[in-house]
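The file target-v2.cif comes next; it holds mmCIF, C-alpha atoms.
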```cif
data_start
#
loop_
_atom_site.label_atom_id
_atom_site.label_comp_id
_atom_site.auth_asym_id
_atom_site.auth_seq_id
_atom_site.Cartn_x
_atom_site.Cartn_y
_atom_site.Cartn_z
CA MET A 112 0.00 0.00 0.00
CA ASN A 113 1.46 3.37 -0.93
CA SER A 114 1.70 6.20 1.59
CA LYS A 115 -0.99 8.32 -0.11
CA SER A 116 -3.47 5.44 0.03
CA LEU A 117 -2.57 4.77 3.68
CA PHE A 118 -3.07 8.45 4.51
CA ASN A 119 -6.46 8.43 2.76
CA ASP A 120 -7.54 5.28 4.63
CA ARG A 121 -6.52 6.79 7.97
CA PHE A 122 -8.26 10.08 7.14
CA THR A 123 -11.46 8.26 6.15
CA LEU A 124 -11.33 6.22 9.37
CA TYR A 125 -10.88 9.41 11.39
CA ASN A 126 -13.86 11.06 9.64
CA ASN A 127 -16.07 8.02 10.23
CA LEU A 128 -15.05 7.77 13.88
CA LYS A 129 -15.72 11.40 14.70
CA ARG A 130 -19.31 10.99 13.47
CA LEU A 131 -20.08 8.40 16.13
CA ASP A 132 -21.91 9.40 19.27
CA CYS A 133 -20.67 8.20 22.66
CA GLU A 134 -22.72 4.99 22.67
CA GLN A 135 -21.75 4.12 19.09
CA PHE A 136 -18.11 4.81 19.93
CA LYS A 137 -18.32 2.35 22.81
CA ILE A 138 -19.70 -0.25 20.40
CA PHE A 139 -16.90 0.56 17.98
CA TYR A 140 -14.21 0.27 20.66
CA SER A 141 -15.64 -2.98 22.04
CA THR A 142 -15.64 -4.43 18.54
CA PHE A 143 -12.16 -3.10 17.79
CA VAL A 144 -10.78 -4.81 20.91
CA HIS A 145 -12.75 -8.03 20.28
CA TYR A 146 -11.35 -8.48 16.77
CA PHE A 147 -7.85 -7.47 17.91
CA VAL A 148 -7.82 -10.02 20.76
CA LYS A 149 -9.69 -12.85 19.05
CA HIS A 150 -8.50 -12.52 15.44
CA GLN A 151 -5.38 -10.28 15.57
CA CYS A 152 -7.06 -7.72 13.32
CA PHE A 153 -6.55 -4.00 12.81
CA ILE A 154 -3.63 -3.20 15.10
CA SER A 155 -0.35 -4.75 16.18
CA THR A 156 0.20 -5.54 19.85
CA ARG A 157 2.91 -2.88 20.03
CA ASN A 158 0.63 -0.22 18.53
CA PHE A 159 -2.25 -1.27 20.79
CA HIS A 160 -0.09 -0.79 23.89
CA THR A 161 1.10 2.58 22.61
CA LEU A 162 -2.49 3.63 21.91
CA TRP A 163 -3.59 2.51 25.39
CA ARG A 164 -0.70 4.41 27.02
CA LEU A 165 -1.54 7.62 25.12
CA LEU A 166 -5.24 7.34 25.97
CA ASN A 167 -4.31 6.97 29.63
CA GLN A 168 -2.07 10.04 29.42
CA LEU A 169 -4.97 12.04 27.99
CA CYS A 170 -7.20 10.90 30.84
CA LYS A 171 -4.58 11.89 33.42
CA GLN A 172 -4.24 15.34 31.82
CA LEU A 173 -8.00 15.87 32.03
CA ASP A 174 -8.53 14.31 35.46
CA GLU A 175 -5.81 14.49 38.10
CA SER A 176 -7.48 11.76 40.15
CA PHE A 177 -6.96 9.28 37.28
CA PRO A 178 -4.20 6.73 38.09
CA ASP A 179 -0.80 7.84 36.83
CA PRO A 180 0.13 5.64 33.85
CA TYR A 181 3.78 5.54 34.95
CA SER A 182 3.77 5.34 38.73
CA GLU A 183 0.42 3.66 39.49
CA TYR A 184 0.41 0.82 36.99
CA GLU A 185 -1.46 -1.74 39.12
CA GLU A 186 -4.11 0.80 40.07
CA LEU A 187 -4.46 1.70 36.40
CA ARG A 188 -4.84 -1.95 35.34
CA TYR A 189 -7.53 -2.50 37.96
CA PHE A 190 -9.31 0.72 37.03
CA CYS A 191 -9.30 -0.23 33.33
CA LEU A 192 -10.72 -3.68 34.05
CA ILE A 193 -13.58 -2.20 36.05
CA HIS A 194 -14.18 0.78 33.72
CA SER A 195 -13.44 -0.54 30.23
CA TYR A 196 -14.82 2.56 28.47
CA TYR A 197 -13.40 5.16 30.88
CA PHE A 198 -11.54 7.17 28.26
CA ILE A 199 -14.63 7.53 26.05
CA ASP A 200 -16.43 9.16 28.98
CA CYS A 201 -13.40 11.28 29.90
CA VAL A 202 -11.83 12.39 26.59
CA PRO A 203 -13.68 14.03 23.67
CA ILE A 204 -14.15 11.65 20.72
CA ASP A 205 -12.04 13.73 18.31
CA PRO A 206 -8.63 13.11 19.98
CA ILE A 207 -9.49 9.44 20.46
CA ALA A 208 -10.38 9.18 16.77
CA ILE A 209 -7.07 10.81 15.85
CA LEU A 210 -5.10 8.32 17.96
CA ILE A 211 -6.95 5.25 16.73
CA SER A 212 -6.56 6.42 13.13
CA LYS A 213 -2.85 6.92 13.70
CA PHE A 214 -2.12 3.53 15.29
CA VAL A 215 -4.26 1.03 13.37
CA ASP A 216 -1.98 -0.70 10.94
CA ASN A 217 -3.98 -3.22 8.94
CA GLN A 218 -7.42 -3.59 7.40
CA ILE A 219 -8.06 0.10 8.05
CA ASP A 220 -10.74 0.18 5.37
CA VAL A 221 -12.72 -2.59 7.09
CA LEU A 222 -12.57 -0.78 10.42
CA SER A 223 -13.56 2.48 8.75
CA ASN A 224 -16.51 0.89 6.98
CA PHE A 225 -17.61 -0.74 10.24
CA ALA A 226 -17.72 2.72 11.87
CA ARG A 227 -19.66 4.09 8.89
CA GLU A 228 -22.20 1.24 9.16
CA LEU A 229 -22.67 2.05 12.86
CA TYR A 230 -23.60 5.68 12.26
CA GLU A 231 -25.48 5.20 8.98
CA ASN A 232 -27.36 2.03 9.90
CA ASP A 233 -27.25 0.02 13.12
CA ILE A 234 -25.21 -2.44 15.16
CA GLN A 235 -26.64 -5.49 13.37
CA THR A 236 -25.75 -4.17 9.90
CA ALA A 237 -22.30 -3.20 11.17
CA TYR A 238 -21.60 -6.66 12.61
CA MET A 239 -22.91 -8.37 9.48
CA TYR A 240 -20.57 -6.19 7.42
CA ILE A 241 -17.46 -6.88 9.52
CA ASN A 242 -18.14 -10.63 9.67
CA ASP A 243 -18.44 -10.69 5.89
CA ALA A 244 -15.44 -8.42 5.28
CA LEU A 245 -13.20 -10.54 7.52
CA ASN A 246 -14.67 -13.79 6.19
CA LEU A 247 -15.76 -14.89 9.67
CA ASN A 248 -18.78 -16.79 10.82
CA GLU A 249 -19.41 -15.37 14.29
CA SER A 250 -23.01 -15.17 15.45
CA VAL A 251 -24.16 -11.58 14.95
CA ASP A 252 -26.87 -12.00 17.60
CA THR A 253 -24.27 -13.22 20.12
CA LEU A 254 -21.87 -10.38 19.25
CA ILE A 255 -24.63 -7.80 19.69
CA PHE A 256 -25.77 -9.28 23.00
CA GLU A 257 -22.24 -9.57 24.40
CA THR A 258 -21.30 -6.05 23.26
CA GLN A 259 -24.41 -4.47 24.75
CA GLU A 260 -24.05 -6.37 28.03
CA HIS A 261 -20.37 -5.50 28.30
CA ILE A 262 -21.03 -1.82 27.71
CA LYS A 263 -23.92 -1.81 30.18
CA TYR A 264 -21.86 -3.56 32.86
CA PHE A 265 -18.54 -1.72 32.38
CA SER A 266 -19.70 1.83 31.59
#
```

Show how you would write the structure in this file as structure tokens.
Amino acid sequence: MNSKSLFNDRFTLYNNLKRLDCEQFKIFYSTFVHYFVKHQCFISTRNFHTLWRLLNQLCKQLDESFPDPYSEYEELRYFCLIHSYYFIDCVPIDPIAILISKFVDNQIDVLSNFARELYENDIQTAYMYINDALNLNESVDTLIFETQEHIKYFS
């Protein structure tokens, strides 16, 4: 992929992400993490850790009570397990969209189209799209249920 095409893909992803409302962004993030963990899609482990570190730094800048990413690592890990979507509630979507767009490093178009399906259609259409695009056979109904329950429990 040439650098102009990569730039365009990242820019399109950014534009699609910034259109999401808070609830849609939580669905997007849950899905992003699910496909990263289960299928090694969208982002390398190194980039994911860098993204997570930068998101935590943003949270600390905006909220001094947030665990320090450098000196309170165990507190931060515990906090993140209990509040999986903390940064979406703490940081405006635009800077998060910039960071995600910067650090994803494969199948950017699929991730971008998933975000577009979320804001143009609904969660079911979005999951059907991503399953098809990644040639997977996961149950859309199960994915929707698990995503919604996870967001409800950890938000």

task = Quick one: apply the PyMOL selection byres ((chain A and resi 252) around 12) to the file and drop the selected residues here as a list in words.
result =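 Output from the PyMOL selection byres ((chain A and resi 252) around 12), applied to this file: Ile234, Gln235, Thr236, Ala237, Tyr238, Met239, Asn242, Asn248, Glu249, Ser250, Val251, Thr253, Leu254, Ile255, Phe256, Glu257, Thr258 and Gln259 of chain A.
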
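Rounded to one decimal, atom CA of Ala226 of chain A and atom CA of Phe139 of chain A lie 6.5 Å from each other.
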
task = Please identify all polymer residues within 10 Å of Val215 of chain A, counting all atoms listed in the file, omitting same-chain residues fewer than 4 positions from it, and present them as JSON, numbers by chain.
result = {"A": [121, 124, 143, 152, 153, 154, 155, 158, 159, 162, 210, 211, 219, 222]}

task = Work out how far atom CA of Gln135 of chain A is from atom CA of Asn167 of chain A, in Å to one decimal.
result =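 Separation of atom CA of Asn167 of chain A and atom CA of Gln135 of chain A: 20.6 Å.
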
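Compared by their closest atoms to Phe265 of chain A, and using all atoms listed in the file, the residues A:Asp200, A:Glu231, A:Asp243, A:Asp205 rank with A:Asp200 nearest.
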
request  = Take the point (-11.3, 3.4, 35.5) in the file's coordinates, draw a sphere of radius 10 Å around it, and report as a ChimeraX atom specification every protein, DNA or RNA residue with an atom inside or on it, counting all atoms listed in the file.
outcome  = /A:167,170,177-178,186-198,201,265-266

task = Provide the atom CA of Arg130 of chain A to atom CA of Tyr230 of chain A distance in Å, to one decimal place.
result = 6.9 Å

Test item: residues at most 12 Å from Leu117 of chain A, only C-alpha atoms, excluding those fewer than 4 positions along its chain, as a list in words =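 With the cut-off at 12 Å, the set is Met112, Asn113, Arg121, Phe122, Thr123, Leu124, Ser212, Lys213, Phe214, Val215, Asp216, Asn217, Gln218, Ile219 and Asp220 of chain A.
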